[in-house]
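What follows is the content of input-v5.txt, which has compact mmCIF, C-alpha atoms:
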```txt
# COMPACT_ATOMS: atom_id res chain seq x y z
CA MET A 1 0.00 0.00 0.00
CA THR A 2 0.94 3.62 -0.33
CA GLU A 3 0.35 6.69 1.82
CA HIS A 4 -0.76 8.60 -1.27
CA ARG A 5 -4.49 8.96 -1.87
CA THR A 6 -5.62 6.17 -4.19
CA GLY A 7 -8.78 6.02 -6.25
CA THR A 8 -10.68 4.34 -9.02
CA ARG A 9 -10.15 5.07 -12.71
CA LYS A 10 -13.37 7.10 -12.62
CA GLU A 11 -12.22 9.27 -9.70
CA TRP A 12 -8.87 9.83 -11.35
CA GLN A 13 -10.53 10.82 -14.64
CA ALA A 14 -12.77 13.37 -12.92
CA ALA A 15 -9.80 14.92 -11.08
CA ARG A 16 -7.69 14.77 -14.25
CA ASP A 17 -10.36 16.56 -16.32
CA GLU A 18 -10.57 19.30 -13.73
CA LEU A 19 -6.81 19.72 -13.72
CA LEU A 20 -6.73 19.66 -17.53
CA ALA A 21 -8.99 22.71 -17.64
CA GLU A 22 -6.50 24.55 -15.41
CA GLU A 23 -3.55 23.34 -17.47
CA LYS A 24 -5.25 24.66 -20.62
CA GLU A 25 -5.78 28.04 -19.00
CA LEU A 26 -2.09 28.07 -18.07
CA THR A 27 -1.21 27.25 -21.69
CA ARG A 28 -3.36 30.10 -22.96
CA ARG A 29 -1.48 32.52 -20.69
CA HIS A 30 1.79 30.93 -21.69
CA ASP A 31 1.09 31.63 -25.37
CA GLU A 32 0.14 35.20 -24.52
CA LEU A 33 3.45 35.65 -22.70
CA ALA A 34 5.33 34.23 -25.68
CA ARG A 35 3.68 36.88 -27.89
CA LYS A 36 4.56 39.67 -25.44
CA ARG A 37 8.12 38.41 -25.23
CA ARG A 38 8.48 38.75 -29.00
CA GLU A 39 7.16 42.31 -28.81
CA LEU A 40 10.07 43.53 -26.67
CA PRO A 41 11.99 46.27 -28.45
CA TRP A 42 15.27 45.20 -30.03
CA VAL A 43 18.33 47.13 -28.86
CA PRO A 44 21.12 47.73 -31.38
CA VAL A 45 24.45 46.51 -30.00
CA GLU A 46 26.91 49.26 -30.70
CA ALA A 47 29.93 48.29 -28.58
CA GLU A 48 32.50 46.02 -30.25
CA TYR A 49 32.88 42.82 -28.26
CA ARG A 50 35.57 40.19 -28.77
CA PHE A 51 35.21 36.53 -27.84
CA GLU A 52 37.83 33.84 -27.60
CA THR A 53 36.68 30.73 -29.46
CA ALA A 54 38.18 27.45 -30.67
CA ALA A 55 38.42 29.11 -34.10
CA GLY A 56 40.21 32.24 -32.83
CA THR A 57 38.98 35.68 -31.75
CA LYS A 58 35.47 36.48 -33.02
CA SER A 59 33.08 39.40 -33.00
CA LEU A 60 29.47 39.08 -31.76
CA ALA A 61 28.26 39.08 -35.40
CA ASP A 62 30.70 36.23 -36.19
CA LEU A 63 29.14 34.10 -33.45
CA PHE A 64 25.87 33.94 -35.45
CA ASP A 65 27.76 31.62 -37.81
CA GLY A 66 25.73 32.74 -40.83
CA ARG A 67 22.29 32.44 -39.22
CA SER A 68 20.03 35.34 -38.26
CA GLN A 69 19.41 34.40 -34.61
CA LEU A 70 21.87 33.72 -31.80
CA LEU A 71 20.82 32.10 -28.51
CA ILE A 72 23.51 32.04 -25.82
CA TYR A 73 23.37 30.08 -22.60
CA HIS A 74 25.52 31.89 -20.07
CA PHE A 75 27.25 29.11 -18.26
CA MET A 76 28.49 29.84 -14.70
CA PHE A 77 32.19 29.23 -15.07
CA GLY A 78 34.07 32.27 -13.80
CA PRO A 79 37.81 32.88 -14.08
CA GLY A 80 38.35 31.50 -10.54
CA TYR A 81 36.33 28.26 -10.99
CA GLU A 82 38.14 24.94 -11.17
CA ALA A 83 35.11 23.33 -12.87
CA GLY A 84 31.75 24.44 -14.26
CA CYS A 85 28.62 24.87 -12.11
CA PRO A 86 26.94 21.43 -11.76
CA VAL A 87 23.45 22.74 -12.51
CA CYS A 88 24.67 24.58 -15.63
CA SER A 89 26.45 21.36 -16.57
CA SER A 90 23.23 19.34 -16.43
CA ILE A 91 21.47 22.01 -18.50
CA ALA A 92 24.30 21.93 -21.02
CA ASP A 93 23.88 18.14 -21.30
CA ASN A 94 20.65 18.92 -23.17
CA LEU A 95 22.11 21.30 -25.72
CA ASP A 96 23.94 19.04 -28.19
CA PRO A 97 21.00 16.86 -29.21
CA ASN A 98 18.88 19.97 -29.77
CA ALA A 99 21.45 22.15 -31.57
CA VAL A 100 20.92 20.43 -34.94
CA HIS A 101 17.19 21.18 -34.82
CA LEU A 102 17.76 24.81 -33.87
CA LYS A 103 20.32 25.21 -36.65
CA ALA A 104 17.72 24.05 -39.16
CA ARG A 105 15.45 26.80 -37.77
CA ASP A 106 17.93 29.62 -38.30
CA VAL A 107 19.16 29.69 -34.69
CA THR A 108 22.78 29.25 -33.59
CA LEU A 109 22.99 27.95 -30.01
CA ILE A 110 26.23 28.46 -28.05
CA CYS A 111 27.47 28.86 -24.48
CA SER A 112 29.56 31.64 -23.04
CA SER A 113 31.54 31.89 -19.79
CA ARG A 114 34.04 34.22 -18.21
CA ALA A 115 36.77 31.63 -17.59
CA PRO A 116 39.68 31.50 -20.05
CA LEU A 117 39.05 29.44 -23.17
CA GLU A 118 41.55 26.75 -22.25
CA LYS A 119 39.67 25.92 -19.04
CA LEU A 120 36.36 25.79 -20.93
CA GLN A 121 37.80 23.49 -23.56
CA ARG A 122 39.20 21.04 -21.01
CA TYR A 123 35.85 20.86 -19.22
CA LYS A 124 33.94 20.52 -22.49
CA GLU A 125 36.10 17.56 -23.44
CA ARG A 126 35.51 15.92 -20.06
CA MET A 127 31.73 16.29 -20.50
CA GLY A 128 31.74 15.17 -24.13
CA TRP A 129 29.97 18.29 -25.42
CA SER A 130 30.34 19.63 -28.93
CA PHE A 131 28.53 23.01 -28.85
CA ASN A 132 30.57 26.15 -29.41
CA TRP A 133 31.65 27.49 -25.99
CA VAL A 134 33.16 30.94 -26.08
CA SER A 135 35.14 32.81 -23.50
CA THR A 136 34.38 36.44 -22.76
CA VAL A 137 37.69 36.85 -20.94
CA GLY A 138 38.84 40.43 -21.14
CA SER A 139 35.47 41.62 -22.50
CA ASP A 140 32.67 43.32 -20.56
CA PHE A 141 30.01 41.51 -22.61
CA HIS A 142 28.51 39.67 -19.64
CA THR A 143 28.27 42.69 -17.39
CA ALA A 144 26.83 44.78 -20.24
CA SER A 145 24.20 42.15 -21.07
CA SER A 146 23.27 41.67 -17.38
CA ALA A 147 24.50 38.07 -17.50
CA SER A 148 26.90 38.55 -14.64
CA CYS A 149 26.62 39.75 -11.08
CA ALA A 150 29.91 41.59 -11.29
CA PRO A 151 29.54 45.30 -10.52
CA ARG A 152 28.93 47.39 -13.60
CA LYS A 153 31.67 49.71 -14.74
CA SER A 154 30.68 53.24 -13.93
CA MET B 1 17.03 48.27 -40.40
CA PRO B 2 14.75 45.55 -39.05
CA LYS B 3 10.97 45.89 -39.26
CA HIS B 4 10.86 45.15 -35.56
CA ARG B 5 10.46 48.02 -33.08
CA ILE B 6 13.87 49.07 -31.83
CA GLY B 7 14.61 50.89 -28.61
CA THR B 8 17.25 52.04 -26.19
CA ARG B 9 18.62 49.84 -23.44
CA GLU B 10 16.36 51.77 -21.00
CA ASP B 11 13.23 51.14 -23.13
CA TRP B 12 14.12 47.48 -23.27
CA GLN B 13 14.78 47.23 -19.53
CA ALA B 14 11.44 48.84 -18.67
CA ALA B 15 9.56 46.48 -21.01
CA ARG B 16 11.60 43.52 -19.76
CA ASP B 17 10.81 44.33 -16.11
CA GLU B 18 7.11 44.54 -16.96
CA LEU B 19 7.28 41.16 -18.70
CA ALA B 20 9.24 39.69 -15.78
CA LYS B 21 6.30 40.45 -13.48
CA LEU B 22 3.93 38.53 -15.75
CA GLU B 23 6.45 35.69 -16.03
CA ALA B 24 6.70 35.53 -12.23
CA GLU B 25 2.89 35.37 -11.94
CA GLN B 26 2.84 32.57 -14.50
CA GLY B 27 5.55 30.79 -12.51
CA GLU B 28 3.43 30.96 -9.34
CA ARG B 29 0.38 29.62 -11.16
CA ASN B 30 2.54 26.83 -12.56
CA GLU B 31 3.67 25.86 -9.05
CA GLU B 32 0.05 25.71 -7.93
CA ILE B 33 -0.86 23.40 -10.82
CA LYS B 34 2.20 21.27 -10.09
CA ARG B 35 0.91 20.76 -6.53
CA LYS B 36 -2.53 19.81 -7.85
CA ARG B 37 -0.98 17.43 -10.35
CA ARG B 38 0.82 15.64 -7.55
CA ALA B 39 -2.43 15.47 -5.54
CA LEU B 40 -4.26 13.41 -8.21
CA PRO B 41 -5.33 10.03 -6.83
CA TRP B 42 -3.14 7.06 -7.77
CA ILE B 43 -4.85 4.10 -9.39
CA PRO B 44 -3.52 0.62 -8.68
CA VAL B 45 -2.79 -1.25 -11.92
CA GLU B 46 -4.32 -4.65 -11.39
CA LYS B 47 -4.07 -6.14 -14.85
CA GLU B 48 -0.88 -7.98 -15.83
CA TYR B 49 0.90 -6.54 -18.86
CA GLU B 50 3.89 -7.90 -20.70
CA PHE B 51 6.19 -5.87 -22.93
CA ASP B 52 8.88 -6.71 -25.46
CA THR B 53 12.14 -5.02 -24.55
CA GLU B 54 15.66 -5.30 -25.92
CA GLU B 55 16.30 -7.60 -22.95
CA GLY B 56 13.31 -9.88 -23.49
CA LYS B 57 9.82 -9.88 -21.98
CA LYS B 58 9.16 -7.64 -18.98
CA THR B 59 6.23 -6.77 -16.76
CA LEU B 60 5.22 -3.19 -16.00
CA ALA B 61 6.86 -3.46 -12.56
CA GLU B 62 10.09 -4.66 -14.19
CA LEU B 63 10.18 -1.60 -16.45
CA PHE B 64 10.83 0.51 -13.32
CA ASP B 65 14.30 -1.08 -13.30
CA GLY B 66 14.51 -0.90 -9.51
CA ARG B 67 13.40 2.73 -9.17
CA SER B 68 10.09 3.90 -7.70
CA GLN B 69 8.95 6.14 -10.56
CA LEU B 70 8.46 5.40 -14.24
CA LEU B 71 8.02 8.15 -16.82
CA ALA B 72 7.33 6.95 -20.34
CA TYR B 73 6.92 8.88 -23.56
CA ASN B 74 4.69 7.23 -26.14
CA ILE B 75 6.31 7.73 -29.55
CA MET B 76 3.92 7.53 -32.52
CA TYR B 77 5.32 4.47 -34.24
CA GLY B 78 2.54 2.03 -34.97
CA PRO B 79 2.85 -1.42 -36.53
CA ASP B 80 1.71 0.06 -39.87
CA TYR B 81 4.45 2.71 -40.12
CA GLU B 82 6.72 1.48 -42.90
CA LEU B 83 9.41 4.17 -42.77
CA GLY B 84 9.92 4.95 -39.11
CA ALA B 85 8.42 6.87 -36.20
CA CYS B 86 6.68 10.23 -36.38
CA PRO B 87 9.40 12.86 -37.05
CA GLY B 88 8.01 15.22 -34.38
CA CYS B 89 8.15 12.48 -31.72
CA THR B 90 11.60 11.57 -33.00
CA ASN B 91 12.77 15.16 -32.47
CA LEU B 92 11.34 15.09 -28.96
CA ALA B 93 13.05 11.79 -28.15
CA ASP B 94 16.38 13.22 -29.40
CA GLY B 95 16.39 15.21 -26.17
CA PHE B 96 16.02 12.27 -23.79
CA ASP B 97 19.60 11.07 -23.64
CA GLY B 98 20.67 14.41 -22.18
CA VAL B 99 18.34 13.98 -19.19
CA LEU B 100 18.42 10.19 -18.82
CA LEU B 101 21.24 9.96 -16.26
CA HIS B 102 19.96 12.95 -14.30
CA LEU B 103 16.44 11.48 -14.00
CA ASN B 104 17.77 8.02 -13.13
CA LYS B 105 19.76 9.56 -10.27
CA ARG B 106 16.51 11.13 -9.05
CA ASP B 107 14.66 7.81 -8.77
CA VAL B 108 12.92 8.16 -12.15
CA THR B 109 13.26 5.61 -14.94
CA LEU B 110 12.69 7.24 -18.33
CA ILE B 111 11.66 5.04 -21.25
CA CYS B 112 9.78 5.28 -24.53
CA PHE B 113 6.92 3.11 -25.71
CA SER B 114 5.74 2.42 -29.25
CA ARG B 115 3.36 -0.08 -30.72
CA ALA B 116 5.62 -1.31 -33.57
CA PRO B 117 7.40 -4.63 -32.94
CA ILE B 118 10.60 -4.51 -30.86
CA ASP B 119 13.02 -5.37 -33.71
CA ARG B 120 11.83 -2.27 -35.60
CA LEU B 121 12.14 -0.10 -32.51
CA ALA B 122 15.65 -1.41 -31.88
CA ALA B 123 16.69 -0.66 -35.47
CA TYR B 124 15.23 2.84 -35.34
CA LYS B 125 16.89 3.51 -31.97
CA LYS B 126 20.21 2.51 -33.48
CA ARG B 127 19.68 4.75 -36.51
CA MET B 128 18.91 7.72 -34.21
CA GLY B 129 21.77 6.94 -31.83
CA TRP B 130 19.48 6.87 -28.78
CA ARG B 131 20.40 5.24 -25.47
CA PHE B 132 17.14 5.30 -23.46
CA PRO B 133 15.22 1.99 -23.16
CA TYR B 134 12.70 1.64 -25.99
CA VAL B 135 9.86 -0.73 -25.17
CA SER B 136 7.33 -2.28 -27.55
CA THR B 137 3.65 -2.51 -26.63
CA TYR B 138 3.02 -4.66 -29.73
CA GLY B 139 0.17 -7.10 -29.20
CA SER B 140 -0.59 -5.79 -25.70
CA ASP B 141 -3.83 -4.25 -24.41
CA PHE B 142 -1.72 -1.72 -22.52
CA PRO B 143 -1.77 1.15 -25.06
CA PHE B 144 -5.53 0.76 -25.56
CA ASP B 145 -6.27 0.51 -21.83
CA PHE B 146 -4.26 3.66 -21.10
CA GLY B 147 -5.38 5.85 -24.00
CA LEU B 148 -2.06 5.64 -25.88
CA ALA B 149 -3.65 4.10 -28.97
CA LEU B 150 -7.07 3.89 -30.58
CA THR B 151 -8.61 0.77 -32.05
CA GLU B 152 -9.74 1.06 -35.68
CA LYS B 153 -13.30 1.24 -34.48
CA GLN B 154 -12.57 3.97 -31.91
CA ALA B 155 -10.70 6.03 -34.53
CA GLU B 156 -13.69 5.85 -36.88
CA GLN B 157 -15.99 7.12 -34.16
CA ILE B 158 -13.98 10.27 -33.33
CA PRO B 159 -15.15 13.06 -35.67
CA GLU B 160 -11.83 15.01 -35.45
CA VAL B 161 -9.80 11.94 -36.43
CA LYS B 162 -12.23 10.99 -39.18
CA GLU B 163 -12.04 14.54 -40.58
CA MET B 164 -8.20 14.44 -40.62
CA VAL B 165 -8.26 11.08 -42.39
CA ASP B 166 -10.91 12.10 -44.95
CA ASN B 167 -9.62 15.62 -45.66
CA PRO B 168 -6.00 15.71 -44.56
CA PRO B 169 -4.27 19.10 -44.59
CA GLU B 170 -1.03 19.24 -46.59
CA GLU B 171 1.22 18.82 -43.53
CA LEU B 172 -0.54 15.59 -42.57
CA GLN B 173 -0.18 14.24 -46.10
CA PHE B 174 3.54 15.01 -45.86
CA TRP B 175 3.71 13.35 -42.43
CA SER B 176 2.04 10.26 -43.91
CA LYS B 177 4.80 10.10 -46.55
CA GLN B 178 7.50 10.53 -43.89
CA THR B 179 6.18 7.69 -41.74
CA GLY B 180 4.99 5.44 -44.54
CA ALA B 181 1.66 5.05 -42.75
CA GLU B 182 -1.79 5.68 -44.11
CA LEU B 183 -3.47 8.28 -41.92
CA LYS B 184 -6.29 5.92 -40.96
CA ASP B 185 -3.61 3.78 -39.24
CA GLY B 186 -1.04 6.45 -38.43
CA LEU B 187 -3.39 8.67 -36.45
CA ARG B 188 -4.32 5.86 -34.10
CA GLU B 189 -1.22 6.49 -31.95
CA ASN B 190 -1.51 9.08 -29.19
CA PRO B 191 1.74 10.94 -28.37
CA GLY B 192 2.25 11.86 -24.75
CA TYR B 193 3.73 11.06 -21.36
CA ILE B 194 2.42 8.52 -18.90
CA ALA B 195 3.66 8.24 -15.31
CA PHE B 196 3.57 5.39 -12.81
CA ALA B 197 4.64 4.93 -9.19
CA ARG B 198 5.68 1.71 -7.51
CA GLU B 199 5.30 1.26 -3.78
CA ASN B 200 5.43 -1.93 -1.71
CA GLY B 201 5.04 -4.14 -4.72
CA THR B 202 2.05 -2.31 -6.23
CA VAL B 203 2.22 -0.25 -9.43
CA TYR B 204 0.01 2.83 -9.65
CA HIS B 205 -0.92 4.93 -12.67
CA THR B 206 -0.53 8.56 -11.60
CA TYR B 207 -0.63 10.88 -14.61
CA THR B 208 -1.10 11.10 -18.36
CA VAL B 209 -0.65 14.09 -20.64
CA THR B 210 -1.12 13.92 -24.38
CA ALA B 211 -0.71 16.29 -27.31
CA PRO B 212 -1.59 19.05 -27.86
CA ASP B 213 -0.02 20.29 -24.63
CA PRO B 214 3.08 22.44 -24.30
CA PHE B 215 4.65 19.73 -22.15
CA VAL B 216 4.45 17.31 -25.07
CA SER B 217 7.02 19.31 -26.95
CA THR B 218 10.69 19.24 -27.81
CA PHE B 219 13.30 20.99 -25.70
CA PHE B 220 14.27 23.04 -28.75
CA ASN B 221 10.70 24.36 -29.04
CA PHE B 222 11.06 25.58 -25.48
CA LEU B 223 14.27 27.36 -26.51
CA LEU B 224 12.59 28.75 -29.63
CA GLU B 225 10.09 30.54 -27.40
CA ARG B 226 12.98 32.77 -26.39
CA THR B 227 14.35 33.50 -29.86
CA PRO B 228 13.42 36.71 -31.68
CA LYS B 229 11.59 35.30 -34.69
CA PRO B 230 8.48 33.13 -34.57
CA LEU B 231 8.47 29.99 -36.69
CA PRO B 232 5.89 29.75 -39.45
CA ALA B 233 3.04 27.62 -38.07
CA GLU B 234 3.27 25.03 -40.83
CA THR B 235 7.01 24.30 -40.34
CA PRO B 236 7.31 20.52 -40.85
CA ALA B 237 9.35 18.31 -38.52
CA TYR B 238 12.24 16.39 -40.04
CA ARG B 239 14.26 13.60 -38.48
CA LYS B 240 17.76 14.86 -37.67
CA ASP B 241 19.30 12.82 -40.50
CA GLU B 242 16.74 13.97 -43.09
CA TYR B 243 16.92 17.78 -43.00
CA PRO B 244 16.90 19.22 -46.52
CA ASP B 245 20.39 20.87 -46.37
```
Would you give me this structure, written as structure tokens?
Amino acid sequence: MTEHRTGTRKEWQAARDELLAEEKELTRRHDELARKRRELPWVPVEAEYRFETAAGTKSLADLFDGRSQLLIYHFMFGPGYEAGCPVCSSIADNLDPNAVHLKARDVTLICSSRAPLEKLQRYKERMGWSFNWVSTVGSDFHTASSASCAPRKS
Amino acid sequence: MPKHRIGTREDWQAARDELAKLEAEQGERNEEIKRKRRALPWIPVEKEYEFDTEEGKKTLAELFDGRSQLLAYNIMYGPDYELGACPGCTNLADGFDGVLLHLNKRDVTLICFSRAPIDRLAAYKKRMGWRFPYVSTYGSDFPFDFGLALTEKQAEQIPEVKEMVDNPPEELQFWSKQTGAELKDGLRENPGYIAFARENGTVYHTYTVTAPDPFVSTFFNFLLERTPKPLPAETPAYRKDEYPD
């Protein structure tokens, strides 16, 4: 036996139908949020940022790799870290199998971190990842894009 | 210049903060529904089912593989599909290997079910490079008892299904070519997740969610909700080894 409330198929179905109505309402709001998210103004990026990558130093525009959309996961791996954040690591485990599908939909998916490139590459090899992981070392990209808690330059 | 409204960093931040409030509200509502989902009654599974796995015949309890929770995704791959599983389900399943270990370590066994015979599932799994256990419900009442498949008779009696079979939109005709299944057979599979718990030797059915539901979606669709440009609604799904360029 279990401590959880048990029931008949009929009782479950009645409770499930009630929950389904609430789930549908949540979905409706979810779709509305997705529309609002797409309505945010776009902000031109005027500063020149440089990124260290496996293929040398690249600009932000270069990171798009020929596509028109760039989605970056900012991975917690600061200059002082010996290894990447475990939670970020389990999120990153999901990226490779999905990257091919995003690519086909005009989206380049990459990760960025503040640790030096060499550290990122060693960790990437250990984890068996193949996404492009760029280092922002020496750039204020993360602070400028609010992806870091470091104090902003005044 | 893009057609999209552009703004200053301050404009963006103000709009972003406004959106963040709505996102937080949605998050709270989601937590509430999560609690209600967990409060659904559990139903003891009394019937004995047997499944074909890559390691021979197994019972439902054996599919738990020693853990106390079983989460299964039902991939649309019926016995009549000549060319492989539904490409959309295939895309979704591409994401499972990334979470497999992490779920297993959290007392959840993640598997996929399909109704095609096990040798075809094993071959398709190999082609896709998947590692999760892929279990066949071929010849079992299980998918019919749990709403994962429709009998021919049931399919004929559902007006929405009958309409899709009789007057299929272009994307369904394309899907039929991709799977090598006639729609009257192909649309009898129901894609979705089904969850079970196992306690003190009893297996309980706890939850089912089927398409269309945002949870029955790929991880990349979740990411695409955050990208700037919406996808055209009729974008077809392709298996990862069949993308046109």
Wanna dump the chain B-chain A contacts at 8 Å for me, each residue with its shortest atom pair and the distance in Å to one decimal, counting only C-alpha atoms, ordered by chain and number, as JSON lines?
```
{"residue": "B:His4", "atom": "CA", "partner": "A:Trp42", "partner_atom": "CA", "distance": 7.1}
{"residue": "B:Arg5", "atom": "CA", "partner": "A:Pro41", "partner_atom": "CA", "distance": 5.2}
{"residue": "B:Ile6", "atom": "CA", "partner": "A:Trp42", "partner_atom": "CA", "distance": 4.5}
{"residue": "B:Gly7", "atom": "CA", "partner": "A:Val43", "partner_atom": "CA", "distance": 5.3}
{"residue": "B:Thr8", "atom": "CA", "partner": "A:Val43", "partner_atom": "CA", "distance": 5.7}
{"residue": "B:Arg9", "atom": "CA", "partner": "A:Val43", "partner_atom": "CA", "distance": 6.1}
{"residue": "B:Asp11", "atom": "CA", "partner": "A:Pro41", "partner_atom": "CA", "distance": 7.3}
{"residue": "B:Trp12", "atom": "CA", "partner": "A:Pro41", "partner_atom": "CA", "distance": 5.7}
{"residue": "B:Ala15", "atom": "CA", "partner": "A:Leu40", "partner_atom": "CA", "distance": 6.4}
{"residue": "B:Arg16", "atom": "CA", "partner": "A:Leu40", "partner_atom": "CA", "distance": 7.1}
{"residue": "B:Leu19", "atom": "CA", "partner": "A:Arg37", "partner_atom": "CA", "distance": 7.1}
{"residue": "B:Leu22", "atom": "CA", "partner": "A:Leu33", "partner_atom": "CA", "distance": 7.5}
{"residue": "B:Glu23", "atom": "CA", "partner": "A:Leu33", "partner_atom": "CA", "distance": 7.3}
{"residue": "B:Gln26", "atom": "CA", "partner": "A:His30", "partner_atom": "CA", "distance": 7.4}
{"residue": "B:Arg29", "atom": "CA", "partner": "A:Leu26", "partner_atom": "CA", "distance": 7.5}
{"residue": "B:Asn30", "atom": "CA", "partner": "A:Leu26", "partner_atom": "CA", "distance": 7.3}
{"residue": "B:Ile33", "atom": "CA", "partner": "A:Glu23", "partner_atom": "CA", "distance": 7.2}
{"residue": "B:Lys36", "atom": "CA", "partner": "A:Leu19", "partner_atom": "CA", "distance": 7.3}
{"residue": "B:Arg37", "atom": "CA", "partner": "A:Leu19", "partner_atom": "CA", "distance": 7.1}
{"residue": "B:Ala39", "atom": "CA", "partner": "A:Arg5", "partner_atom": "CA", "distance": 7.8}
{"residue": "B:Leu40", "atom": "CA", "partner": "A:Ala15", "partner_atom": "CA", "distance": 6.4}
{"residue": "B:Pro41", "atom": "CA", "partner": "A:Thr6", "partner_atom": "CA", "distance": 4.7}
{"residue": "B:Trp42", "atom": "CA", "partner": "A:Thr6", "partner_atom": "CA", "distance": 4.4}
{"residue": "B:Ile43", "atom": "CA", "partner": "A:Gly7", "partner_atom": "CA", "distance": 5.4}
{"residue": "B:Pro44", "atom": "CA", "partner": "A:Thr6", "partner_atom": "CA", "distance": 7.4}
{"residue": "B:Asn91", "atom": "CA", "partner": "A:His101", "partner_atom": "CA", "distance": 7.8}
{"residue": "B:Asp94", "atom": "CA", "partner": "A:Pro97", "partner_atom": "CA", "distance": 5.9}
{"residue": "B:Gly95", "atom": "CA", "partner": "A:Pro97", "partner_atom": "CA", "distance": 5.8}
{"residue": "B:Asp97", "atom": "CA", "partner": "A:Asn94", "partner_atom": "CA", "distance": 7.9}
{"residue": "B:Gly98", "atom": "CA", "partner": "A:Asn94", "partner_atom": "CA", "distance": 4.6}
{"residue": "B:Val99", "atom": "CA", "partner": "A:Asn94", "partner_atom": "CA", "distance": 6.8}
{"residue": "B:His102", "atom": "CA", "partner": "A:Ser90", "partner_atom": "CA", "distance": 7.5}
{"residue": "B:Glu199", "atom": "CA", "partner": "A:Thr2", "partner_atom": "CA", "distance": 6.0}
{"residue": "B:Asn200", "atom": "CA", "partner": "A:Met1", "partner_atom": "CA", "distance": 6.0}
{"residue": "B:Thr202", "atom": "CA", "partner": "A:Met1", "partner_atom": "CA", "distance": 7.0}
{"residue": "B:Asp213", "atom": "CA", "partner": "A:Thr27", "partner_atom": "CA", "distance": 7.6}
{"residue": "B:Pro214", "atom": "CA", "partner": "A:Thr27", "partner_atom": "CA", "distance": 7.0}
{"residue": "B:Phe219", "atom": "CA", "partner": "A:Asn98", "partner_atom": "CA", "distance": 7.0}
{"residue": "B:Phe220", "atom": "CA", "partner": "A:Asn98", "partner_atom": "CA", "distance": 5.6}
{"residue": "B:Leu224", "atom": "CA", "partner": "A:Leu102", "partner_atom": "CA", "distance": 7.8}
{"residue": "B:Glu225", "atom": "CA", "partner": "A:Ala34", "partner_atom": "CA", "distance": 6.3}
{"residue": "B:Arg226", "atom": "CA", "partner": "A:Arg37", "partner_atom": "CA", "distance": 7.5}
{"residue": "B:Thr227", "atom": "CA", "partner": "A:Leu71", "partner_atom": "CA", "distance": 6.8}
{"residue": "B:Pro228", "atom": "CA", "partner": "A:Arg38", "partner_atom": "CA", "distance": 6.0}
{"residue": "B:Lys229", "atom": "CA", "partner": "A:Arg38", "partner_atom": "CA", "distance": 7.3}
{"residue": "B:Pro230", "atom": "CA", "partner": "A:Arg38", "partner_atom": "CA", "distance": 7.9}
{"residue": "B:Leu231", "atom": "CA", "partner": "A:Arg105", "partner_atom": "CA", "distance": 7.8}
{"residue": "B:Lys240", "atom": "CA", "partner": "A:His101", "partner_atom": "CA", "distance": 7.0}
{"residue": "B:Tyr243", "atom": "CA", "partner": "A:Ala104", "partner_atom": "CA", "distance": 7.4}
```
* Find the residues near region 132-146 of chain B: any atom within 8 Å, counting only C-alpha atoms, skip ones fewer than 4 places away on the same chain, and give them as a PyMOL selection string. => chain B and resi 49-54+79+96-97+100+110-118+121-122+125+150-151
* Could you state the separation of CA of Ala83 (chain A) and CA of Phe64 (chain A) in Å, given to one decimal place? -> 26.6 Å
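Between CA of Ser113 (chain A) and CA of Leu101 (chain B) the interatomic distance comes to 24.5 Å.
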* Structure fact -> The distance between CA of Lys103 (chain A) and CA of Gly180 (chain B) is 26.2 Å
* Asked: Which is closer to Leu71 (chain B) than all the others in B:Thr90, B:Ser176, B:Asn190, B:Asn104, using all atoms listed in the file?
  -> B:Asn104
* To do: Mind checking which residues fall within 12 Å of region 166-170 of chain B, counting all atoms listed in the file, ignoring those fewer than 6 positions away in the same chain, and posting them as an MDAnalysis selection string?
  => chainID B and resid 156 159:160 176:177 182:184 187 234:236
Written file, previous selection with C-alpha atoms, as an mmCIF file, in the frame of the given file:
```cif
data_model
loop_
_atom_site.group_PDB
_atom_site.id
_atom_site.type_symbol
_atom_site.label_atom_id
_atom_site.label_comp_id
_atom_site.auth_asym_id
_atom_site.auth_seq_id
_atom_site.Cartn_x
_atom_site.Cartn_y
_atom_site.Cartn_z
ATOM 1 C CA GLU B 156 -13.690 5.850 -36.880
ATOM 2 C CA PRO B 159 -15.150 13.060 -35.670
ATOM 3 C CA GLU B 160 -11.830 15.010 -35.450
ATOM 4 C CA SER B 176 2.040 10.260 -43.910
ATOM 5 C CA LYS B 177 4.800 10.100 -46.550
ATOM 6 C CA GLU B 182 -1.790 5.680 -44.110
ATOM 7 C CA LEU B 183 -3.470 8.280 -41.920
ATOM 8 C CA LYS B 184 -6.290 5.920 -40.960
ATOM 9 C CA LEU B 187 -3.390 8.670 -36.450
ATOM 10 C CA GLU B 234 3.270 25.030 -40.830
ATOM 11 C CA THR B 235 7.010 24.300 -40.340
ATOM 12 C CA PRO B 236 7.310 20.520 -40.850
#
```
I'd like the box whose edges run along x, y and z of the file and which contains every listed atom of region 100-107 of chain A, padded by 3 Å per side; could you state its centre and edge lengths in Å, one decimal, as lines of an AutoDock Vina configuration file?
```
center_x = 18.2
center_y = 25.1
center_z = -36.5
size_x = 11.5
size_y = 15.3
size_z = 11.3
```
* To do: May I have the protein, DNA and RNA residues with an atom at most 8 Å from (-1.4, -0.4, -39.1), counting all atoms listed in the file in the file's coordinates, returned as a ChimeraX atom specification?
  => /B:78-81,181-182,185-186
* Which residue, B:Asp245, B:Leu103, B:Glu82, B:Leu148, has the smallest gap to Thr208 (chain B) when you use all atoms listed in the file? -> B:Leu148
